[in-house]
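Visitor: Next comes the structure file input_8.cif, holding mmCIF, C-alpha atoms.
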data_entry
loop_
_atom_site.group_PDB
_atom_site.id
_atom_site.type_symbol
_atom_site.label_atom_id
_atom_site.label_comp_id
_atom_site.auth_asym_id
_atom_site.auth_seq_id
_atom_site.Cartn_x
_atom_site.Cartn_y
_atom_site.Cartn_z
ATOM 1 C CA MET C 23 -139.330 42.550 137.842
ATOM 2 C CA LYS C 24 -137.667 45.741 136.621
ATOM 3 C CA LYS C 25 -134.742 43.844 135.091
ATOM 4 C CA SER C 26 -137.110 41.342 133.451
ATOM 5 C CA LEU C 27 -139.078 44.152 131.797
ATOM 6 C CA ILE C 28 -135.951 45.867 130.526
ATOM 7 C CA SER C 29 -134.497 42.578 129.279
ATOM 8 C CA ALA C 30 -137.699 41.792 127.402
ATOM 9 C CA LEU C 31 -137.728 45.198 125.731
ATOM 10 C CA ILE C 32 -134.052 44.926 124.791
ATOM 11 C CA GLY C 33 -134.734 41.479 123.350
ATOM 12 C CA ALA C 34 -137.576 42.878 121.242
ATOM 13 C CA SER C 35 -135.291 45.620 119.943
ATOM 14 C CA LEU C 36 -132.591 43.113 119.029
ATOM 15 C CA SER C 37 -135.211 41.050 117.206
ATOM 16 C CA LEU C 38 -136.007 44.172 115.176
ATOM 17 C CA VAL C 39 -132.333 44.464 114.225
ATOM 18 C CA ALA C 40 -132.292 40.831 113.084
ATOM 19 C CA ALA C 41 -135.483 41.301 111.063
ATOM 20 C CA SER C 42 -134.113 44.367 109.250
ATOM 21 C CA ALA C 43 -130.851 42.569 108.510
ATOM 22 C CA TYR C 44 -132.695 39.785 106.700
ATOM 23 C CA ALA C 45 -135.121 42.109 104.889
ATOM 24 C CA THR C 46 -133.285 42.232 101.563
ATOM 25 C CA HIS C 47 -136.126 43.556 99.411
ATOM 26 C CA THR C 48 -137.786 46.923 99.956
ATOM 27 C CA VAL C 49 -141.097 47.528 98.170
ATOM 28 C CA TYR C 50 -142.520 50.984 97.410
ATOM 29 C CA PHE C 51 -146.220 51.454 96.691
ATOM 30 C CA GLY C 52 -148.609 54.378 96.380
ATOM 31 C CA GLU C 53 -152.051 54.569 94.770
ATOM 32 C CA ASP C 54 -154.460 57.353 93.787
ATOM 33 C CA LEU C 55 -158.018 56.235 93.035
ATOM 34 C CA GLY C 56 -159.601 57.255 89.746
ATOM 35 C CA LEU C 57 -162.395 59.673 88.982
ATOM 36 C CA GLY C 58 -163.930 57.710 86.129
ATOM 37 C CA GLU C 59 -162.917 56.165 82.830
ATOM 38 C CA GLY C 60 -163.171 59.460 80.956
ATOM 39 C CA THR C 61 -161.117 61.508 83.422
ATOM 40 C CA ARG C 62 -157.337 61.739 83.565
ATOM 41 C CA LEU C 63 -155.955 62.425 87.022
ATOM 42 C CA LEU C 64 -154.194 65.784 86.860
ATOM 43 C CA SER C 65 -152.207 64.880 89.976
ATOM 44 C CA HIS C 66 -151.390 61.593 91.708
ATOM 45 C CA PRO C 67 -149.616 62.537 94.954
ATOM 46 C CA ASN C 68 -149.604 59.076 96.543
ATOM 47 C CA ALA C 69 -148.085 57.404 93.502
ATOM 48 C CA ASP C 70 -145.588 60.245 93.069
ATOM 49 C CA ALA C 71 -144.548 60.014 96.725
ATOM 50 C CA ALA C 72 -143.844 56.287 96.320
ATOM 51 C CA ARG C 73 -141.766 57.043 93.238
ATOM 52 C CA ALA C 74 -139.831 59.778 95.062
ATOM 53 C CA SER C 75 -139.087 57.403 97.940
ATOM 54 C CA PHE C 76 -137.949 54.727 95.472
ATOM 55 C CA PHE C 77 -135.645 57.152 93.660
ATOM 56 C CA SER C 78 -134.230 58.553 96.903
ATOM 57 C CA ASN C 79 -132.334 55.287 97.348
ATOM 58 C CA LEU C 80 -130.934 55.237 93.806
ATOM 59 C CA VAL C 81 -128.244 57.098 91.888
ATOM 60 C CA GLY C 82 -128.306 57.875 88.148
ATOM 61 C CA VAL C 83 -131.214 55.565 87.309
ATOM 62 C CA GLY C 84 -132.722 55.832 83.821
ATOM 63 C CA THR C 85 -136.366 55.640 82.753
ATOM 64 C CA GLU C 86 -137.953 54.252 79.584
ATOM 65 C CA THR C 87 -140.982 56.378 78.628
ATOM 66 C CA LEU C 88 -141.820 54.552 75.350
ATOM 67 C CA GLU C 89 -141.886 57.856 73.473
ATOM 68 C CA GLY C 90 -139.540 56.482 70.807
ATOM 69 C CA PHE C 91 -142.039 53.908 69.515
ATOM 70 C CA ALA C 92 -144.870 54.234 67.014
ATOM 71 C CA THR C 93 -148.491 53.729 68.052
ATOM 72 C CA ASN C 94 -149.591 50.074 68.060
ATOM 73 C CA THR C 95 -146.013 48.739 68.109
ATOM 74 C CA VAL C 96 -146.072 45.221 69.539
ATOM 75 C CA ALA C 97 -143.417 43.092 71.206
ATOM 76 C CA PRO C 98 -140.584 42.443 71.019
ATOM 77 C CA LEU C 99 -139.454 45.958 71.907
ATOM 78 C CA ALA C 100 -135.818 46.884 72.414
ATOM 79 C CA VAL C 101 -136.092 49.304 75.341
ATOM 80 C CA ASN C 102 -133.324 51.475 76.743
ATOM 81 C CA PHE C 103 -132.543 52.572 80.286
ATOM 82 C CA PRO C 104 -129.966 55.398 80.365
ATOM 83 C CA GLY C 105 -127.274 54.722 82.930
ATOM 84 C CA PHE C 106 -128.059 51.007 83.005
ATOM 85 C CA GLY C 107 -128.287 49.478 79.549
ATOM 86 C CA THR C 108 -130.865 47.764 77.379
ATOM 87 C CA ALA C 109 -133.642 45.231 77.748
ATOM 88 C CA THR C 110 -136.203 43.429 75.616
ATOM 89 C CA LEU C 111 -139.933 43.635 76.290
ATOM 90 C CA ASN C 112 -141.849 40.546 75.144
ATOM 91 C CA GLY C 113 -145.359 39.163 75.514
ATOM 92 C CA THR C 114 -148.839 40.542 74.943
ATOM 93 C CA GLY C 115 -149.783 44.197 74.591
ATOM 94 C CA ASN C 116 -148.852 47.185 72.470
ATOM 95 C CA VAL C 117 -147.717 50.788 72.583
ATOM 96 C CA ALA C 118 -150.772 53.063 72.856
ATOM 97 C CA THR C 119 -150.911 56.808 72.258
ATOM 98 C CA VAL C 120 -153.213 59.252 74.066
ATOM 99 C CA ALA C 121 -152.378 62.941 73.772
ATOM 100 C CA THR C 122 -155.085 64.324 76.064
ATOM 101 C CA GLY C 123 -157.712 62.911 78.380
ATOM 102 C CA THR C 124 -158.023 59.118 78.397
ATOM 103 C CA ASN C 125 -158.485 56.457 75.740
ATOM 104 C CA GLY C 126 -162.172 56.470 76.698
ATOM 105 C CA VAL C 127 -161.904 53.540 79.094
ATOM 106 C CA GLY C 128 -159.582 54.924 81.752
ATOM 107 C CA ARG C 129 -156.038 54.621 80.411
ATOM 108 C CA TYR C 130 -153.498 57.304 79.512
ATOM 109 C CA PRO C 131 -149.755 58.012 79.754
ATOM 110 C CA ILE C 132 -147.976 59.508 82.742
ATOM 111 C CA SER C 133 -145.294 61.283 80.723
ATOM 112 C CA GLY C 134 -145.423 62.186 77.032
ATOM 113 C CA VAL C 135 -148.171 60.600 74.935
ATOM 114 C CA ASN C 136 -147.230 56.892 74.881
ATOM 115 C CA TYR C 137 -147.691 54.025 77.320
ATOM 116 C CA TRP C 138 -147.813 50.215 77.236
ATOM 117 C CA GLU C 139 -151.294 48.674 77.241
ATOM 118 C CA GLY C 140 -152.139 45.052 77.841
ATOM 119 C CA SER C 141 -154.343 42.515 79.572
ATOM 120 C CA GLY C 142 -152.264 39.358 79.563
ATOM 121 C CA THR C 143 -148.673 38.563 80.465
ATOM 122 C CA PHE C 144 -145.603 40.463 79.335
ATOM 123 C CA TYR C 145 -142.038 40.312 80.517
ATOM 124 C CA ILE C 146 -138.785 42.243 80.336
ATOM 125 C CA ASP C 147 -135.420 40.527 79.860
ATOM 126 C CA PHE C 148 -132.530 42.700 81.048
ATOM 127 C CA SER C 149 -129.089 42.790 79.443
ATOM 128 C CA ALA C 150 -127.412 42.805 82.870
ATOM 129 C CA PRO C 151 -128.458 41.930 86.448
ATOM 130 C CA VAL C 152 -130.976 44.361 87.943
ATOM 131 C CA ALA C 153 -131.310 45.376 91.594
ATOM 132 C CA ALA C 154 -134.123 47.942 91.290
ATOM 133 C CA PHE C 155 -137.248 48.321 89.178
ATOM 134 C CA GLY C 156 -140.204 50.701 89.299
ATOM 135 C CA PHE C 157 -143.179 51.706 87.132
ATOM 136 C CA TYR C 158 -146.465 53.600 86.978
ATOM 137 C CA GLY C 159 -149.677 51.639 86.474
ATOM 138 C CA ILE C 160 -152.847 53.235 85.118
ATOM 139 C CA ASP C 161 -156.481 52.079 85.392
ATOM 140 C CA ILE C 162 -155.495 48.915 87.245
ATOM 141 C CA GLY C 163 -158.126 46.863 89.042
ATOM 142 C CA ASP C 164 -161.401 48.505 88.063
ATOM 143 C CA TYR C 165 -162.557 45.127 86.693
ATOM 144 C CA GLY C 166 -161.128 43.086 89.542
ATOM 145 C CA GLY C 167 -157.646 42.315 88.301
ATOM 146 C CA HIS C 168 -154.468 42.393 90.351
ATOM 147 C CA VAL C 169 -151.038 42.879 88.813
ATOM 148 C CA THR C 170 -148.449 40.276 89.710
ATOM 149 C CA ALA C 171 -144.715 40.876 89.367
ATOM 150 C CA THR C 172 -142.375 37.893 89.190
ATOM 151 C CA LEU C 173 -138.635 38.499 89.538
ATOM 152 C CA ALA C 174 -136.405 35.749 88.177
ATOM 153 C CA GLY C 175 -132.657 35.326 87.953
ATOM 154 C CA GLY C 176 -130.576 34.432 90.982
ATOM 155 C CA SER C 177 -133.816 33.547 92.777
ATOM 156 C CA THR C 178 -137.536 33.764 92.003
ATOM 157 C CA GLU C 179 -139.858 36.097 93.905
ATOM 158 C CA VAL C 180 -143.572 36.641 93.188
ATOM 159 C CA TYR C 181 -145.305 39.836 94.322
ATOM 160 C CA ASN C 182 -149.040 40.542 94.245
ATOM 161 C CA ILE C 183 -149.332 44.293 93.850
ATOM 162 C CA PRO C 184 -152.011 45.525 96.312
ATOM 163 C CA ASN C 185 -154.008 47.649 93.897
ATOM 164 C CA THR C 186 -157.637 48.442 94.689
ATOM 165 C CA VAL C 187 -160.101 46.189 92.851
ATOM 166 C CA TYR C 188 -163.516 47.124 91.488
ATOM 167 C CA GLY C 189 -162.761 50.795 92.017
ATOM 168 C CA THR C 190 -163.513 53.703 89.714
ATOM 169 C CA GLY C 191 -161.516 53.702 86.475
ATOM 170 C CA GLY C 192 -158.612 56.007 85.712
ATOM 171 C CA GLY C 193 -156.564 55.498 88.877
ATOM 172 C CA VAL C 194 -152.770 55.694 89.056
ATOM 173 C CA LEU C 195 -150.316 53.683 91.141
ATOM 174 C CA TYR C 196 -146.563 53.414 91.502
ATOM 175 C CA TRP C 197 -144.772 50.215 92.465
ATOM 176 C CA GLY C 198 -141.057 49.729 92.882
ATOM 177 C CA ILE C 199 -138.644 47.261 94.426
ATOM 178 C CA ILE C 200 -135.018 47.522 95.518
ATOM 179 C CA SER C 201 -132.941 44.499 96.479
ATOM 180 C CA THR C 202 -129.835 44.946 98.589
ATOM 181 C CA THR C 203 -128.521 41.407 98.076
ATOM 182 C CA ASP C 204 -130.257 39.621 95.184
ATOM 183 C CA THR C 205 -130.367 40.575 91.526
ATOM 184 C CA PHE C 206 -132.710 39.483 88.764
ATOM 185 C CA THR C 207 -132.516 39.334 84.972
ATOM 186 C CA GLN C 208 -136.200 39.014 84.088
ATOM 187 C CA LEU C 209 -139.395 40.614 85.372
ATOM 188 C CA THR C 210 -142.779 39.190 84.356
ATOM 189 C CA PHE C 211 -146.057 41.070 84.727
ATOM 190 C CA GLY C 212 -149.213 38.999 85.133
ATOM 191 C CA ASN C 213 -152.896 39.816 85.460
ATOM 192 C CA THR C 214 -155.278 37.884 87.695
ATOM 193 C CA ALA C 215 -158.156 38.979 85.413
ATOM 194 C CA GLY C 216 -156.388 38.630 82.057
ATOM 195 C CA GLY C 217 -158.582 39.239 79.020
ATOM 196 C CA VAL C 218 -161.077 41.225 81.102
ATOM 197 C CA ASP C 219 -159.143 43.910 82.955
ATOM 198 C CA TYR C 220 -156.822 45.976 80.743
ATOM 199 C CA PHE C 221 -153.970 47.939 82.297
ATOM 200 C CA GLY C 222 -151.668 50.777 81.274
ATOM 201 C CA PHE C 223 -147.968 50.945 82.209
ATOM 202 C CA ASP C 224 -145.543 53.837 81.837
ATOM 203 C CA ASP C 225 -142.154 55.162 82.941
ATOM 204 C CA PHE C 226 -140.291 51.919 83.597
ATOM 205 C CA SER C 227 -137.166 52.611 85.688
ATOM 206 C CA VAL C 228 -134.273 50.201 86.184
ATOM 207 C CA GLY C 229 -131.175 50.285 88.385
ATOM 208 C CA SER C 230 -128.124 48.067 88.730
ATOM 209 C CA VAL C 231 -126.465 47.063 92.006
ATOM 210 C CA GLU C 232 -124.023 49.948 91.561
ATOM 211 C CA GLN C 233 -126.916 52.415 91.256
ATOM 212 C CA VAL C 234 -128.491 51.485 94.593
ATOM 213 C CA HIS C 235 -127.658 54.138 97.180
ATOM 214 C CA PRO C 236 -124.676 52.875 99.182
ATOM 215 C CA ASN C 237 -126.032 53.892 102.600
ATOM 216 C CA PRO C 238 -129.833 53.649 102.659
ATOM 217 C CA GLU C 239 -131.376 53.923 106.120
ATOM 218 C CA PRO C 240 -134.265 51.465 106.481
ATOM 219 C CA ALA C 241 -137.264 52.739 108.387
ATOM 220 C CA SER C 242 -136.777 49.912 110.882
ATOM 221 C CA LEU C 243 -133.393 51.307 111.924
ATOM 222 C CA ALA C 244 -134.930 54.682 112.664
ATOM 223 C CA LEU C 245 -137.596 52.953 114.750
ATOM 224 C CA LEU C 246 -134.882 50.993 116.529
ATOM 225 C CA ALA C 247 -133.070 54.209 117.471
ATOM 226 C CA ILE C 248 -136.285 55.608 118.936
ATOM 227 C CA GLY C 249 -136.901 52.362 120.799
ATOM 228 C CA LEU C 250 -133.415 52.278 122.314
ATOM 229 C CA ALA C 251 -133.740 55.902 123.401
ATOM 230 C CA GLY C 252 -136.996 54.967 125.110
ATOM 231 C CA LEU C 253 -135.303 52.046 126.828
ATOM 232 C CA ALA C 254 -132.632 54.345 128.210
ATOM 233 C CA GLY C 255 -135.286 56.624 129.669
ATOM 234 C CA LEU C 256 -137.200 53.657 131.073
ATOM 235 C CA ARG C 257 -134.057 52.287 132.742
ATOM 236 C CA ARG C 258 -133.496 55.662 134.466
ATOM 237 C CA ARG C 259 -137.081 55.764 135.706
ATOM 238 C CA LEU C 260 -137.067 52.190 137.004
ATOM 239 C CA ASN C 261 -133.710 52.495 138.821
#
Render the structure in this file as structure tokens.
Guide:
Amino acid sequence: MKKSLISALIGASLSLVAASAYATHTVYFGEDLGLGEGTRLLSHPNADAARASFFSNLVGVGTETLEGFATNTVAPLAVNFPGFGTATLNGTGNVATVATGTNGVGRYPISGVNYWEGSGTFYIDFSAPVAAFGFYGIDIGDYGGHVTATLAGGSTEVYNIPNTVYGTGGGVLYWGIISTTDTFTQLTFGNTAGGVDYFGFDDFSVGSVEQVHPNPEPASLALLAIGLAGLAGLRRRLN
């Protein structure tokens, strides 16, 4: 009985190791709900914490803030990511400028005065393979739309970003992804309520394989260490 219990727990722990070994994509997400379409959030701790966690596993990653473009500039945009290289933004939308407050319907920049605004599909083609990508989203989901992110290149992965729907306008989220094995050369943003729900995007960050931290410690490994320590204590108590 005692040996069976210990064996079962050890088996569960080894299953956790196998699961973490095959988990090649790590997603980061944080969201701060809005206070209304006319109110800019002065702080967004949940989104910022997700961004900080994303960046903690990267080295020398650059961010495109769109500050170098004129108001109402449309695609294609030649965007630049210091430390990585260049990319081309295509599709629907335009550069919007809001210096203070919101644009009256919930959208505003995170840094500087510019951000990308759209309702349909836009995509970014990268000049070299990408292993990490992150961004801020503003006023997403107050009219029921979800953002989708499709990574294409070596393989194709589709992610439905879990933003709140039908919430109060003016919210902020951060979403990022890091791949430890696959790379991608294009990222497409979709909108499940295109033409109805308009979104803002700002501070796009991109990292190459070389810029991913060489020794990240997945949360599952930390949990495994705790679990194995517990097993050792359990073995002593049962013997």
Visitor: Mind telling me what the PyMOL selection byres ((chain C and resi 48-52) around 9) catches here, as a list in words?
Guide: Ala45, Thr46, His47, Glu53, Asp54, Pro67, Asn68, Ala69, Asp70, Ala71, Ala72, Arg73, Ser75, Phe76, Gly156, Ile183, Pro184, Asn185, Val194, Leu195, Tyr196, Trp197, Gly198, Ile199, Ile200, Ser201, Thr202 and Pro240 of chain C
Visitor: So the first atom is atom CA of C:Gln233 and the second is atom CA of C:His168; what is the distance between them in Å, to one decimal place?
Guide: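 Going from atom CA of C:Gln233 over to atom CA of C:His168, I get 29.3 Å.
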Visitor: Between atom CA of C:Leu63 and atom CA of C:Gly217, measure the distance and give it in Å to one decimal.
Guide: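 Atom-to-atom, atom CA of C:Leu63 to atom CA of C:Gly217, that is 24.7 Å.
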Visitor: Using only C-alpha atoms, which of C:Gly159, C:Gly189, C:Gly166, C:Gly229 sits nearest C:Phe103?
Guide: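 Ranked by minimum distance to C:Phe103, first place goes to C:Gly229.
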Visitor: List the spatial neighbours of C:Tyr145 as a compact mmCIF listing (two decimals) with C-alpha atoms, in the frame of the given file - criterion: any atom at most 12 Å away, only C-alpha atoms, same-chain residues fewer than 3 positions off excluded.
Guide:
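Result went into part33.txt, see below:
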# COMPACT_ATOMS: atom_id res chain seq x y z
CA ALA C 97 -143.42 43.09 71.21
CA PRO C 98 -140.58 42.44 71.02
CA LEU C 99 -139.45 45.96 71.91
CA VAL C 101 -136.09 49.30 75.34
CA ALA C 109 -133.64 45.23 77.75
CA THR C 110 -136.20 43.43 75.62
CA LEU C 111 -139.93 43.64 76.29
CA ASN C 112 -141.85 40.55 75.14
CA GLY C 113 -145.36 39.16 75.51
CA THR C 114 -148.84 40.54 74.94
CA GLY C 115 -149.78 44.20 74.59
CA TRP C 138 -147.81 50.22 77.24
CA GLY C 140 -152.14 45.05 77.84
CA GLY C 142 -152.26 39.36 79.56
CA PHE C 148 -132.53 42.70 81.05
CA THR C 170 -148.45 40.28 89.71
CA ALA C 171 -144.72 40.88 89.37
CA THR C 172 -142.38 37.89 89.19
CA LEU C 173 -138.64 38.50 89.54
CA ALA C 174 -136.40 35.75 88.18
CA THR C 207 -132.52 39.33 84.97
CA GLN C 208 -136.20 39.01 84.09
CA LEU C 209 -139.40 40.61 85.37
CA THR C 210 -142.78 39.19 84.36
CA PHE C 211 -146.06 41.07 84.73
CA GLY C 212 -149.21 39.00 85.13
CA ASN C 213 -152.90 39.82 85.46
Visitor: Grab the atom CA of C:Ala74 to atom CA of C:Ala121 distance for me, in Å with one decimal place.
Guide: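 Separation of atom CA of C:Ala74 and atom CA of C:Ala121: 24.9 Å.
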Visitor: Box for stretch 153-170 of chain C: with edges along x, y and z, all listed atoms inside and 3 Å added on each side, what are the centre and edge lengths in Å to one decimal, as lines of an AutoDock Vina configuration file?
Guide:
center_x = -146.9
center_y = 46.9
center_z = 88.4
size_x = 37.2
size_y = 19.3
size_z = 12.5
Visitor: Since I can't run it myself right now, could you work out what the PyMOL selection byres ((chain C and resi 94) around 9) selects here and report it as an MDAnalysis selection string?
Guide: chainID C and resid 91:93 95:96 115:119
Visitor: For the file shown, report as a list of chain:residue names the outcome of the PyMOL selection byres ((chain C and resi 204) around 10) at residue level.
Guide: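 For this structure, the PyMOL selection byres ((chain C and resi 204) around 10) captures C:Thr46, C:His47, C:Pro151, C:Val152, C:Ala153, C:Ala154, C:Gly175, C:Gly176, C:Ser177, C:Thr178, C:Ile200, C:Ser201, C:Thr202, C:Thr203, C:Thr205, C:Phe206, C:Val231.
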Visitor: Given the choices C:Tyr165, C:Asn102, C:Tyr137, C:Phe144, which gets closest to C:Val218 if the distance is worked out from all atoms listed in the file?
Guide: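 For C:Val218, the nearest of the given residues is C:Tyr165.
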Visitor: Extract, using only C-alpha atoms, all DNA, RNA and protein residues at most 6 Å from C:Gly56, discarding same-chain residues fewer than 3 positions from it, and format them as a ChimeraX atom specification.
Guide: /C:190-193
Visitor: Counting only C-alpha atoms, figure out which residue out of C:Ser65, C:Glu179, C:Ile162, C:Phe155 gets nearest to C:Glu139.
Guide: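 Under the stated criterion, the closest residue is C:Ile162.
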Visitor: Which one is closest to C:Val228: C:Ile146, C:Val187, C:Val120, C:Ile132? Count all atoms listed in the file.
Guide: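 Going through C:Ile146, C:Val187, C:Val120, C:Ile132 one by one, the smallest distance to C:Val228 is for C:Ile146.
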Visitor: Take the point (-143.6, 55.5, 75.9) as written in the file and pick out every residue within 6 Å of it, counting only C-alpha atoms; give the list as a list in words.
Guide: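 Residues lying no farther than 6 Å from the given point: Thr87, Leu88, Glu89, Asn136 and Tyr137 of chain C.
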Visitor: Can those selected residues be exported to a file as a short mmCIF file (atom, residue, chain, number, x, y, z; two decimals), in the frame of the given file so that it contains C-alpha atoms?
Guide:
data_model
loop_
_atom_site.label_atom_id
_atom_site.label_comp_id
_atom_site.auth_asym_id
_atom_site.auth_seq_id
_atom_site.Cartn_x
_atom_site.Cartn_y
_atom_site.Cartn_z
CA THR C 87 -140.98 56.38 78.63
CA LEU C 88 -141.82 54.55 75.35
CA GLU C 89 -141.89 57.86 73.47
CA ASN C 136 -147.23 56.89 74.88
CA TYR C 137 -147.69 54.02 77.32
#
Visitor: For C:Glu59, find every residue with an atom within 10 Å (counting only C-alpha atoms), except residues of its own chain fewer than 2 positions away, and show them as a list in words.
Guide: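 Returned residues: Gly56, Leu57, Thr61, Arg62, Gly123, Thr124, Asn125, Gly126, Val127, Gly128, Arg129, Asp161, Asp164, Thr190, Gly191, Gly192 and Gly193 of chain C.
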